[in-house]
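Contents: one structure, followed by commentary.
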There are 4 protein chains.
Amino acid sequence: MFFGSDNGAGACPEVLNAVIAANSGFSLAYGNEEMARLAEQEINRVFERNVSSFLVSTGTAANALALSAITAPFGVTLTHEQSHVLEDECGAIEFYGNSSRLIGIEGLGGKISPQELTAKLKKVPRRLPHAMPLKGLSLTQASESGLCYSAQELSELCKIAHDAGLKVHMDGARFGQAVASLNVSAAEISWKAGVDVLSFGATKGGAIACEAVIFFDETLAQDFAFKRKRGGHLFSKHRFLSAQMLAFLKDDVWLKNAHHANAMAQKMALSLTKKGVRLGYNVQANEVFPVLTEAQDKRLKEKGAVYYPWSGRGLQCAPPAQDEHLVRLVMSYATTDEMVQAFLNEI
Amino acid sequence: MFFGSDNGAGACPEVLNAVIAANSGFSLAYGNEEMARLAEQEINRVFERNVSSFLVSTGTAANALALSAITAPFGVTLTHEQSHVLEDECGAIEFYGNSSRLIGIEGLGGKISPQELTAKLKKVPRRLPHAMPLKGLSLTQASESGLCYSAQELSELCKIAHDAGLKVHMDGARFGQAVASLNVSAAEISWKAGVDVLSFGATKGGAIACEAVIFFDETLAQDFAFKRKRGGHLFSKHRFLSAQMLAFLKDDVWLKNAHHANAMAQKMALSLTKKGVRLGYNVQANEVFPVLTEAQDKRLKEKGAVYYPWSGRGLQCAPPAQDEHLVRLVMSYATTDEMVQAFLNEI
Amino acid sequence: MFFGSDNGAGACPEVLNAVIAANSGFSLAYGNEEMARLAEQEINRVFERNVSSFLVSTGTAANALALSAITAPFGVTLTHEQSHVLEDECGAIEFYGNSSRLIGIEGLGGKISPQELTAKLKKVPRRLPHAMPLKGLSLTQASESGLCYSAQELSELCKIAHDAGLKVHMDGARFGQAVASLNVSAAEISWKAGVDVLSFGATKGGAIACEAVIFFDETLAQDFAFKRKRGGHLFSKHRFLSAQMLAFLKDDVWLKNAHHANAMAQKMALSLTKKGVRLGYNVQANEVFPVLTEAQDKRLKEKGAVYYPWSGRGLQCAPPAQDEHLVRLVMSYATTDEMVQAFLNEI
Amino acid sequence: MFFGSDNGAGACPEVLNAVIAANSGFSLAYGNEEMARLAEQEINRVFERNVSSFLVSTGTAANALALSAITAPFGVTLTHEQSHVLEDECGAIEFYGNSSRLIGIEGLGGKISPQELTAKLKKVPRRLPHAMPLKGLSLTQASESGLCYSAQELSELCKIAHDAGLKVHMDGARFGQAVASLNVSAAEISWKAGVDVLSFGATKGGAIACEAVIFFDETLAQDFAFKRKRGGHLFSKHRFLSAQMLAFLKDDVWLKNAHHANAMAQKMALSLTKKGVRLGYNVQANEVFPVLTEAQDKRLKEKGAVYYPWSGRGLQCAPPAQDEHLVRLVMSYATTDEMVQAFLNEI
């Protein structure tokens with residue numbers, strides 16, 4: 001009963017097998033191997049156009065390197081106040097941004113609404129050069145609370161941002177889950193909506209450790225190779241990153257995995273609701289945030305369920321009472337019906 | 001005939017199998033998995049004492065994070081003028097050091113002699129605070145030119161450095177090869193000689209992507225967890241790093257691999273010498289630097305041999321003539337007798 | 001009728017005369033001149049103990065250098081959400097902090113209450129190393145809204161901060177005005193209350209360009225000389241900084257100037273209140289924040305009054321209506337009765 | 001007998017009087033005062049074209065901010081191995097460059113020859129992205145050893161740099177002395193020769209603390225206002241910088257001062273040579289580097305002469321013997337015939 005995070009699973013069979021296959025023989029290093037080009041082509045195929053893409057091994061690296069391309073050392077990037085880049089990366093964004101700043105925006109369910117973005121743009125200090133100039137907007141798709149931005153919402157947000165001179169980054173650690181949930185193409189909720197650079201996650205979706213930074217505005221990509229290297233993120237045996245990404249994208253394994261994780265979340269959510277458990281946020285991707293009673297929480301933990309408490313901001317239900325626990329359950333490609341059922345049995 | 005680098009091979013069977021085995025089931029993330037503790041214990045065993053150790057995925061990350069612990073943003077680290085940290089990491093040391101500086105020292109075969117270190121300490125500007133204060137010394141073991149520092153040499157260098165108030169870092173991307181070559185214990189050429197922090201390489205030795213930063217002066221380790229995270233180097237599925245390091249150290253696979261690579265280098269070196277080819281440096285670890293004629297170079301490349309030119313500084317033989325090519329051949333755990341013989345056949 | 005800022009005045013006669021006097025003859029540079037020692041002694045006298053003090057030319061430099069001593073590159077400093085270090089220094093704190101972060105706390109009148117500090121300490125993310133660890137607290141005395149922390153309030157705040165492992169910085173750009181207002185000694189509202197490092201402002205109080213960074217916790221001072229130099233803030237003709245600070249402190253010119261500025265503010269505030277103008281904040285130091293009607297604002301500007309609008313956060317009165325203007329009036333040592341009267345005449 | 005540095009003098013009368021005059025009345029701050037525009041126009045006049053210029057208070061700030069505009073955080077700037085930016089600014093260049101690197105080039109008399117630049121361009125590592133890409137060249141005019149680059153030499157150097165994709169910075173802490181010595185216009189040895197950005201020094205030439213950063217390639221200037229502010233170098237009472245620069249340039253005070261300093265140096269040099277004292281470098285600007293005997297050195301110091309030893313690299317005479325002292329004598333606008341004569345009397 002592991003629901004701690006989608007990074008609690010290993011790699012899906014397709015990815016693991018690709019890593020094994022990639023192990024034989026000698027190869028050029030540092031992304032000069034042929035397989036790197038194949039992975040790039042596969043990314044182009046998925047996004048239906050040519051892009052500049054680069055592989056790294058962690059989501060933090062992907063986000064920090066991507067964001068460093070759209071801000072300035074004295075610039076500000078706006079993001080949701082509960083976003084991963086703001087709260088969970090120990091200052092990586094500021095570090096790779098050479099001392100840039102993040103400013104949080106409040107919003108329901110981890111999402112920023114066009115109205116909230118517009119309001120924040122008016123509110124932040126703009127007396128230059130005393131204030132730091134606004135440079136970027138970072139959106140999380142799916143959000144930290146498991147919600148998805150529609151293509152329409154993204155288009156509005158990107159337009160507002162672009163009109164204000166901001167470039168747009170998308171943290172897509174769970175991009176696949178969003179695509180699966182919204183039943184759209186990858187292109188529709190990225191460059192077609194106005195996103196300039198995307199952190200495309202594979203690790204949570206079924207890889208060992210692999211993420212792609214994908215530039216739709218290719219002028220932003222020109223320094224990436226240097227920044228990745230000086231960040232220590234250029235793998236010598238880069239073939240293992242290429243192999244992961246290739247296998248993850250081929251035959252749409254990424255989407256298959258995402259659909260499974262989402263389906264498990266839907267099952268969990270529906271059953272919990274039927275049992276009278278209220279949920280902190282609507283369930284659109286692979287995360288479920290039930291409000292558990294003390295007794296439920298205790299029993300589940302005794303049975304070995306692994307999950308973590310969640311800080312209740314931007315809730316879409318009544319806040320937890322003193323003796324209630326808002327918790328986060330994350331499903332992955334590896335979550336089974338049995339695991340979900342075992343959890344539900346204790347409710 | 002791949003001699004381009006020791007990172008041109010995949011992972012050795014023990015490491016690959018460990019990764020496959022580690023893939024099953026759910027696990028805590030970010031180094032909280034049990035296997036991380038086992039890998040730490042294995043490192044303690046190899047170094048014959050308790051240490052503070054941390055895993056990362058690239059040598060650049062290991063070096064940059066380790067060096068950031070022994071310098072200051074306004075401090076200088078001395079290193080060989082041809083060291084990897086100075087010439088091949090695109091400023092990673094300065095980046096993680098928050099703008100610190102590296103100053104190169106000349107020396108035969110990629111090694112710094114005690115005399116050269118003493119001379120440099122006298123020569124660098126010391127008028128504080130106009131000059132940047134000296135903070136660290138970084139030594140490469142085995143050196144970029146394939147030579148090894150003896151335990152005695154290291155002790156002398158560390159004493160000079162410590163007497164001048166400098167902490168000592170060792171870039172051990174090929175530490176195993178040095179241990180194998182010198183026939184000493186890991187402890188003797190690290191903390192017993194005075195090294196304060198070691199980048200212990202596994203990637204070149206047979207892993208997929210894994211290095212350990214090992215602090216012998218544990219007071220230097222206190223900020224490491226934060227710096228690794230903000231550098232984007234804390235793996236979520238950290239179990240895959242733990243598995244690699246564990247398998248690499250267990251039953252001394254690392255030493256077995258290193259002995260093999262070194263033996264291939266010795267065979268190559270002896271045969272080349274017999275054939276009248278002169279070598280740029282003495283061969284002590286897994287690298288051979290022959291001076292090839294134009295004809296040899298051409299024929300080898302036609303036959304598909306992969307290797308790269310080497311810039312001829314600190315040579316231990318007569319410099320290459322206009323029509324000669326100093327090149328680098330690197331052997332790894334995966335280099336076979338047949339590969340070496342095939343190369344020699346073309347000479 | 002210049003009320004735009006206290007930096008709109010030149011230097012007071014004592015400081016200007018000291019600069020003129022310091023101009024003759026030759027002198028050692030970079031703070032090695034004798035006058036630097038005299039300035040240090042004068043600072044010791046004012047603070048009734050030995051301290052480590054350093055002179056720089058701007059408040060931004062003083063704050064950024066001081067704060068860099070109490071945080072880490074991956075650390076957080078808490079401060080009021082409307083503080084100068086957060087809103088008006090274009091990221092200087094992050095720059096000198098090597099990518100550290102500031103987090104704002106809301107509070108009436110630019111002040112943080114002990115309750116608000118305690119609440120924030122509970123609310124900020126603390127899951128290390130994903131969250132950035134808390135390292136410092138920065139308090140502004142007098143606040144951006146012209147209020148003063150009492151010695152008692154400071155003691156409580158410093159105790160809470162210290163108990164949580166935070167060091168305390170005070171932005172004292174208007175420290176003199178606070179001392180004058182509270183009728184306490186400099187020591188009582190700095191180190192005796194628990195402040196670890198103080199930016200002691202002279203520029204706004206009557207100097208040309210001079211601030212002192214004063215370390216009460218002297219272990220924090222050890223890197224200062226290097227950081228000041230690499231920030232480009234070590235003056236070669238440092239005697240001119242020494243001369244300013246010496247003249248500013250001697251015979252308590254700083255307090256005399258502050259008392260005058262405060263008195264002008266009191267006069268302005270009382271008269272405005274009598275005329276029915278409400279004030280955004282209580283007036284305790286040298287700033288007055290009246291809510292002007294459209295007509296008043298227009299008339300004053302026509303008469304050449306210089307002042308700026310103020311963003312209405314943390315107000316202590318009813319917020320300005322659509323057609324009202326909250327503005328800031330700053331008095332300085334150079335503000336005259338006539339100027340105040342001229343302003344009042346237009347109300 | 002003060003020859004320690006040209007920053008050992010106070011301000012020349014014209015500058016001091018301008019500061020006194022600027023002190024009266026109220027004024028806009030942060031460079032919004034009218035006098036800032038006048039200073040800019042005066043700079044345009046001196047350089048015979050429109051430029052983007054900014055005032056700061058120290059040479060280190062001017063150099064570090066200027067160089068940050070022509071490199072990248074992962075880029076390299078080439079400079080003379082004994083340049084001020086490399087040896088005397090405690091890493092300011094790296095700090096403002098967000099971890100960029102400086103690489104030194106050897107050369108006689110603190111000057112880089114076109115041949116040496118070309119050779120270095122060939123020698124530095126160029127395997128991208130492992131090596132840091134070359135971005136800039138910094139030349140010091142007059143050099144640290146008191147020599148001047150001719151307009152012809154500069155043109156050649158700038159052409160080589162530009163052809164290699166490098167932008168060119170000039171450290172003109174003693175630019176006036178070079179103009180005076182070469183008998184050229186300011187334009188001829190700056191933008192007409194190909195310089196992209198100049199640190200134009202006033203402090204050593206007769207100001208209190210004032211330097212201008214002058215962009216001839218104005219596209220490089222776009223971030224300057226932000227970088228200056230976040231470096232803490234935007235003066236609130238900016239009028240005092242404007243006043244200094246205005247007075248320094250008006251009626252060519254800067255040139256008059258430089259001619260005087262140079263003339264004193266010529267007198268000193270000629271007389272020393274006549275007395276059989278050899279000089280380390282040719283004397284072209286305001287510095288003289290005699291090789292003193294032990295006895296001379298001792299006697300001069302007993303008489304109160306202030307000067308400092310100089311490290312003997314790139315000498316243009318026989319190196320000092322064991323018992324000889326190479327020292328640096330710096331003349332300024334304030335150096336008198338009597339001081340020079342007093343010094344000579346002891347030889």
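FYI, nothing fancy with the structure tokens labels: chains A, B, ... in order, residues from 1 per chain, ligands from 1 as they appear.
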At a cut-off of 9 Å, can you tabulate as CSV every residue of chain C near chain A together with its closest atom pair and the distance in Å to one decimal, using only C-alpha atoms and ordering rows by chain then number?
```
residue,atom,partner,partner_atom,distance
C:Pro73,CA,A:Phe95,CA,8.1
C:Phe74,CA,A:Gly91,CA,5.8
C:Gly75,CA,A:Gly91,CA,8.1
C:Leu86,CA,A:Ala131,CA,8.7
C:Glu87,CA,A:Ala131,CA,5.8
C:Asp88,CA,A:His130,CA,4.5
C:Glu89,CA,A:His130,CA,5.2
C:Cys90,CA,A:Met132,CA,4.6
C:Gly91,CA,A:Phe74,CA,5.8
C:Ala92,CA,A:Phe74,CA,8.4
C:Ile93,CA,A:Ser99,CA,8.8
C:Glu94,CA,A:Ser99,CA,5.3
C:Phe95,CA,A:Ser99,CA,5.3
C:Tyr96,CA,A:Ser99,CA,8.7
C:Gly97,CA,A:Ser99,CA,8.2
C:Asn98,CA,A:Ser99,CA,6.4
C:Ser99,CA,A:Ser99,CA,4.2
C:Ser100,CA,A:Gly91,CA,7.2
C:Arg101,CA,A:Gly91,CA,7.5
C:Leu102,CA,A:Arg101,CA,8.9
C:Val124,CA,A:Glu87,CA,8.9
C:Pro125,CA,A:Glu87,CA,6.7
C:Arg127,CA,A:Asp88,CA,8.2
C:Leu128,CA,A:Cys90,CA,8.1
C:Pro129,CA,A:Cys90,CA,6.3
C:His130,CA,A:Asp88,CA,4.5
C:Ala131,CA,A:Cys90,CA,4.9
C:Met132,CA,A:Cys90,CA,4.6
C:Pro133,CA,A:Cys90,CA,8.1
```
Would you save the residues of that selection, restricted to N, CA, C and O atoms, as an mmCIF file, in the first residue's frame?
```cif
data_model
loop_
_atom_site.group_PDB
_atom_site.id
_atom_site.type_symbol
_atom_site.label_atom_id
_atom_site.label_comp_id
_atom_site.auth_asym_id
_atom_site.auth_seq_id
_atom_site.Cartn_x
_atom_site.Cartn_y
_atom_site.Cartn_z
ATOM 1 N N PRO C 73 23.681 30.278 1.191
ATOM 2 C CA PRO C 73 23.196 30.380 -0.193
ATOM 3 C C PRO C 73 21.872 29.640 -0.396
ATOM 4 O O PRO C 73 21.117 29.967 -1.298
ATOM 5 N N PHE C 74 21.598 28.686 0.463
ATOM 6 C CA PHE C 74 20.352 27.920 0.362
ATOM 7 C C PHE C 74 19.417 28.275 1.523
ATOM 8 O O PHE C 74 18.493 27.517 1.826
ATOM 9 N N GLY C 75 19.644 29.413 2.148
ATOM 10 C CA GLY C 75 18.897 29.769 3.356
ATOM 11 C C GLY C 75 17.861 30.862 3.122
ATOM 12 O O GLY C 75 17.882 31.573 2.124
ATOM 13 N N LEU C 86 13.335 43.662 0.689
ATOM 14 C CA LEU C 86 12.524 42.794 -0.165
ATOM 15 C C LEU C 86 12.036 43.510 -1.422
ATOM 16 O O LEU C 86 12.021 42.942 -2.504
ATOM 17 N N GLU C 87 11.669 44.759 -1.283
ATOM 18 C CA GLU C 87 10.964 45.416 -2.381
ATOM 19 C C GLU C 87 11.761 46.466 -3.148
ATOM 20 O O GLU C 87 11.339 46.870 -4.229
ATOM 21 N N ASP C 88 12.835 46.941 -2.572
ATOM 22 C CA ASP C 88 13.464 48.120 -3.189
ATOM 23 C C ASP C 88 14.943 47.980 -3.492
ATOM 24 O O ASP C 88 15.617 48.977 -3.712
ATOM 25 N N GLU C 89 15.462 46.769 -3.471
ATOM 26 C CA GLU C 89 16.907 46.654 -3.685
ATOM 27 C C GLU C 89 17.255 45.735 -4.852
ATOM 28 O O GLU C 89 18.368 45.244 -4.963
ATOM 29 N N CYS C 90 16.299 45.529 -5.724
ATOM 30 C CA CYS C 90 16.523 44.824 -7.003
ATOM 31 C C CYS C 90 17.263 43.495 -6.847
ATOM 32 O O CYS C 90 18.066 43.122 -7.691
ATOM 33 N N GLY C 91 16.990 42.815 -5.741
ATOM 34 C CA GLY C 91 17.601 41.498 -5.591
ATOM 35 C C GLY C 91 19.003 41.516 -5.017
ATOM 36 O O GLY C 91 19.711 40.510 -5.081
ATOM 37 N N ALA C 92 19.417 42.647 -4.442
ATOM 38 C CA ALA C 92 20.765 42.727 -3.867
ATOM 39 C C ALA C 92 20.975 41.689 -2.765
ATOM 40 O O ALA C 92 22.061 41.123 -2.630
ATOM 41 N N ILE C 93 19.936 41.443 -1.987
ATOM 42 C CA ILE C 93 20.070 40.488 -0.887
ATOM 43 C C ILE C 93 20.345 39.091 -1.432
ATOM 44 O O ILE C 93 21.228 38.380 -0.953
ATOM 45 N N GLU C 94 19.609 38.725 -2.455
ATOM 46 C CA GLU C 94 19.814 37.424 -3.076
ATOM 47 C C GLU C 94 21.188 37.358 -3.746
ATOM 48 O O GLU C 94 21.855 36.318 -3.714
ATOM 49 N N PHE C 95 21.596 38.445 -4.346
ATOM 50 C CA PHE C 95 22.883 38.475 -5.050
ATOM 51 C C PHE C 95 24.034 38.281 -4.067
ATOM 52 O O PHE C 95 24.862 37.387 -4.227
ATOM 53 N N TYR C 96 24.070 39.103 -3.031
ATOM 54 C CA TYR C 96 25.150 38.979 -2.047
ATOM 55 C C TYR C 96 24.998 37.703 -1.214
ATOM 56 O O TYR C 96 25.968 37.198 -0.654
ATOM 57 N N GLY C 97 23.786 37.193 -1.124
ATOM 58 C CA GLY C 97 23.554 35.947 -0.406
ATOM 59 C C GLY C 97 23.827 34.727 -1.274
ATOM 60 O O GLY C 97 23.563 33.606 -0.832
ATOM 61 N N ASN C 98 24.337 34.935 -2.466
ATOM 62 C CA ASN C 98 24.638 33.828 -3.374
ATOM 63 C C ASN C 98 23.423 32.944 -3.624
ATOM 64 O O ASN C 98 23.515 31.719 -3.582
ATOM 65 N N SER C 99 22.299 33.586 -3.877
ATOM 66 C CA SER C 99 21.030 32.943 -4.236
ATOM 67 C C SER C 99 20.148 32.578 -3.063
ATOM 68 O O SER C 99 19.231 31.762 -3.195
ATOM 69 N N SER C 100 20.385 33.170 -1.924
ATOM 70 C CA SER C 100 19.508 32.969 -0.773
ATOM 71 C C SER C 100 18.124 33.548 -1.066
ATOM 72 O O SER C 100 17.914 34.175 -2.098
ATOM 73 N N ARG C 101 17.199 33.316 -0.167
ATOM 74 C CA ARG C 101 15.820 33.764 -0.392
ATOM 75 C C ARG C 101 15.308 34.632 0.752
ATOM 76 O O ARG C 101 15.698 34.446 1.907
ATOM 77 N N LEU C 102 14.438 35.570 0.413
ATOM 78 C CA LEU C 102 13.710 36.375 1.388
ATOM 79 C C LEU C 102 12.250 35.932 1.368
ATOM 80 O O LEU C 102 11.687 35.711 0.307
ATOM 81 N N VAL C 124 5.952 28.232 7.266
ATOM 82 C CA VAL C 124 6.877 28.031 6.140
ATOM 83 C C VAL C 124 7.268 26.561 6.029
ATOM 84 O O VAL C 124 7.329 25.847 7.018
ATOM 85 N N PRO C 125 7.538 26.097 4.816
ATOM 86 C CA PRO C 125 7.908 24.690 4.618
ATOM 87 C C PRO C 125 9.173 24.351 5.406
ATOM 88 O O PRO C 125 10.117 25.134 5.426
ATOM 89 N N ARG C 127 10.368 20.864 5.439
ATOM 90 C CA ARG C 127 10.815 19.523 5.110
ATOM 91 C C ARG C 127 12.183 19.607 4.424
ATOM 92 O O ARG C 127 12.293 19.769 3.223
ATOM 93 N N LEU C 128 13.209 19.475 5.198
ATOM 94 C CA LEU C 128 14.580 19.615 4.695
ATOM 95 C C LEU C 128 15.025 18.316 4.020
ATOM 96 O O LEU C 128 14.614 17.249 4.456
ATOM 97 N N PRO C 129 15.858 18.349 3.032
ATOM 98 C CA PRO C 129 16.455 19.525 2.394
ATOM 99 C C PRO C 129 15.638 20.029 1.210
ATOM 100 O O PRO C 129 16.175 20.738 0.371
ATOM 101 N N HIS C 130 14.360 19.636 1.117
ATOM 102 C CA HIS C 130 13.537 20.122 0.008
ATOM 103 C C HIS C 130 13.202 21.596 0.212
ATOM 104 O O HIS C 130 13.241 22.389 -0.717
ATOM 105 N N ALA C 131 12.854 21.917 1.447
ATOM 106 C CA ALA C 131 12.637 23.321 1.780
ATOM 107 C C ALA C 131 13.986 23.972 2.074
ATOM 108 O O ALA C 131 14.946 23.296 2.447
ATOM 109 N N MET C 132 14.052 25.268 1.884
ATOM 110 C CA MET C 132 15.255 26.013 2.250
ATOM 111 C C MET C 132 15.204 26.259 3.761
ATOM 112 O O MET C 132 14.191 26.737 4.269
ATOM 113 N N PRO C 133 16.273 25.979 4.471
ATOM 114 C CA PRO C 133 16.240 26.181 5.923
ATOM 115 C C PRO C 133 16.200 27.661 6.302
ATOM 116 O O PRO C 133 16.787 28.504 5.624
#
```
For Ala193 of chain B, list every protein, DNA or RNA residue within 8 Å, evaluated using only C-alpha atoms, and leave out those in the same chain fewer than 2 positions away; present the list as a CSV table (one decimal) with all heavy atoms, in the first residue's frame.
```csv
chain,number,residue,atom,x,y,z
B,151,ALA,N,51.4,7.4,-1.7
B,151,ALA,CA,50.9,7.8,-0.4
B,151,ALA,C,51.9,8.8,0.2
B,151,ALA,O,51.5,9.8,0.8
B,151,ALA,CB,50.8,6.5,0.5
B,152,GLN,N,53.1,8.6,-0.1
B,152,GLN,CA,54.2,9.5,0.5
B,152,GLN,C,54.0,10.9,-0.2
B,152,GLN,O,54.0,11.9,0.5
B,152,GLN,CB,55.6,8.9,0.2
B,152,GLN,CG,56.7,9.8,0.6
B,152,GLN,CD,56.8,10.1,2.0
B,152,GLN,OE1,56.3,9.3,2.9
B,152,GLN,NE2,57.3,11.2,2.4
B,154,LEU,N,51.4,12.2,-1.5
B,154,LEU,CA,50.2,12.8,-1.0
B,154,LEU,C,50.3,13.4,0.4
B,154,LEU,O,49.8,14.5,0.7
B,154,LEU,CB,49.0,11.8,-1.0
B,154,LEU,CG,48.5,11.4,-2.4
B,154,LEU,CD1,47.5,10.2,-2.2
B,154,LEU,CD2,47.8,12.5,-3.1
B,155,SER,N,51.0,12.6,1.3
B,155,SER,CA,51.2,13.1,2.6
B,155,SER,C,52.0,14.4,2.6
B,155,SER,O,51.6,15.4,3.4
B,155,SER,CB,52.0,12.1,3.4
B,155,SER,OG,51.2,10.9,3.6
B,158,CYS,N,49.6,17.2,1.3
B,158,CYS,CA,48.6,17.5,2.2
B,158,CYS,C,49.2,18.3,3.4
B,158,CYS,O,48.5,19.3,3.9
B,158,CYS,CB,47.9,16.3,2.7
B,158,CYS,SG,46.8,15.5,1.5
B,187,ALA,N,42.3,3.7,2.1
B,187,ALA,CA,42.5,4.6,3.2
B,187,ALA,C,43.9,5.3,3.1
B,187,ALA,O,44.1,6.5,3.4
B,187,ALA,CB,42.4,3.9,4.6
B,188,GLU,N,44.9,4.5,2.7
B,188,GLU,CA,46.2,5.0,2.7
B,188,GLU,C,46.4,6.2,1.7
B,188,GLU,O,47.2,7.1,2.0
B,188,GLU,CB,47.2,3.9,2.3
B,188,GLU,CG,47.5,2.9,3.4
B,188,GLU,CD,48.4,1.7,2.9
B,188,GLU,OE1,47.8,0.7,2.4
B,188,GLU,OE2,49.6,1.8,2.9
B,189,ILE,N,45.7,6.2,0.6
B,189,ILE,CA,45.9,7.3,-0.3
B,189,ILE,C,44.7,8.3,-0.2
B,189,ILE,O,44.5,9.1,-1.1
B,189,ILE,CB,46.1,6.9,-1.8
B,189,ILE,CG1,45.0,6.0,-2.2
B,189,ILE,CG2,47.4,6.1,-1.9
B,189,ILE,CD1,45.0,5.8,-3.8
B,190,SER,N,44.0,8.2,0.9
B,190,SER,CA,43.0,9.3,1.1
B,190,SER,C,43.2,9.9,2.4
B,190,SER,O,44.1,10.7,2.6
B,190,SER,CB,41.6,8.7,0.9
B,190,SER,OG,41.3,7.6,1.7
B,191,TRP,N,42.3,9.5,3.4
B,191,TRP,CA,42.4,10.2,4.7
B,191,TRP,C,43.7,10.0,5.5
B,191,TRP,O,44.1,10.9,6.2
B,191,TRP,CB,41.2,9.9,5.6
B,191,TRP,CG,41.0,8.4,5.9
B,191,TRP,CD1,40.4,7.4,5.2
B,191,TRP,CD2,41.4,7.8,7.2
B,191,TRP,NE1,40.5,6.3,5.9
B,191,TRP,CE2,41.1,6.5,7.1
B,191,TRP,CE3,42.1,8.3,8.3
B,191,TRP,CZ2,41.3,5.6,8.2
B,191,TRP,CZ3,42.3,7.4,9.4
B,191,TRP,CH2,42.0,6.1,9.3
B,195,VAL,N,43.9,13.7,3.0
B,195,VAL,CA,42.8,14.2,2.1
B,195,VAL,C,41.6,14.5,3.0
B,195,VAL,O,41.2,13.7,3.8
B,195,VAL,CB,42.5,13.2,1.0
B,195,VAL,CG1,41.2,13.6,0.2
B,195,VAL,CG2,43.7,13.0,0.1
```
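Residues within 7 Å of Tyr308 of chain D, counting only C-alpha atoms and excluding same-chain residues fewer than 2 positions away, are Gly4, Trp310, Val327 and Arg328 of chain D.
Our summary of the geometry notes that atom CA of Ala305 of chain D is positioned 25.8 Å from atom CA of Gly59 of chain D.
Between atom CA of His80 of chain D and atom CA of Ala225 of chain A there is a distance of 28.7 Å.
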DSSP on the backbone: what in segment 148-284 of chain B comes out helix (DSSP H, G or I), as a PyMOL selection string? chain B and resi 151-163+175-182+191-193+218-221+224-230+239-274
What lies within 10 Å of Gln296 of chain B using only C-alpha atoms, ignoring chain neighbours under 5 positions off, as an NGL selection string? :B and (291 or 301-302 or 324-325 or 346-347)
Restrict the selected residues to N, CA, C and O atoms and save them as a compact mmCIF listing (two decimals), in the first residue's frame.
```txt
# COMPACT_ATOMS: atom_id res chain seq x y z
N VAL B 291 52.66 8.52 -29.04
CA VAL B 291 52.90 9.49 -30.11
C VAL B 291 52.87 8.71 -31.41
O VAL B 291 53.78 7.93 -31.70
N LYS B 301 42.47 4.96 -37.81
CA LYS B 301 41.14 5.56 -37.96
C LYS B 301 40.36 4.89 -39.09
O LYS B 301 39.15 4.71 -38.99
N GLU B 302 41.08 4.53 -40.14
CA GLU B 302 40.41 3.81 -41.22
C GLU B 302 39.83 2.49 -40.72
O GLU B 302 38.79 2.03 -41.19
N GLU B 324 53.51 14.32 -36.13
CA GLU B 324 53.18 13.26 -35.18
C GLU B 324 51.94 13.65 -34.40
O GLU B 324 51.60 14.83 -34.27
N HIS B 325 51.29 12.66 -33.84
CA HIS B 325 50.04 12.89 -33.10
C HIS B 325 50.14 12.28 -31.70
O HIS B 325 50.25 11.07 -31.57
N GLU B 346 47.76 -2.65 -36.10
CA GLU B 346 47.84 -1.56 -37.09
C GLU B 346 49.08 -0.70 -36.93
O GLU B 346 49.29 0.25 -37.69
N ILE B 347 49.84 -0.96 -35.92
CA ILE B 347 51.05 -0.13 -35.67
C ILE B 347 52.22 -0.67 -36.49
O ILE B 347 52.60 -1.81 -36.37
```
Between atom CA of Gly172 of chain C and atom CA of Tyr333 of chain C lies a distance of 16.5 Å
Hey, what does DSSP flag as strand (DSSP E or B) within segment 62-251 of chain B? Can you give it to me as a ChimeraX atom specification? /B:76-80,101-105,134-140,167-172,197-201,211-215
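Around Ala186 of chain C, within 10 Å and counting only C-alpha atoms, the residues found are Val46, Phe47, Glu48, Phe175, Gly176, Ala178, Val179, Ala180, Asn183, Val184, Glu188, Ile189, Ser190, Trp191 and Lys192 of chain C, once anything fewer than 2 positions away on its own chain is removed.
With only C-alpha atoms taken into account, the protein and nucleic acid residues at most 8 Å from Met264 of chain B (excluding it and anything under 3 positions from it in its own chain) are His260, Ala261, Lys267, Met268, Asn286, Met331, Thr335, Thr336, Asp337 and Val340 of chain B.
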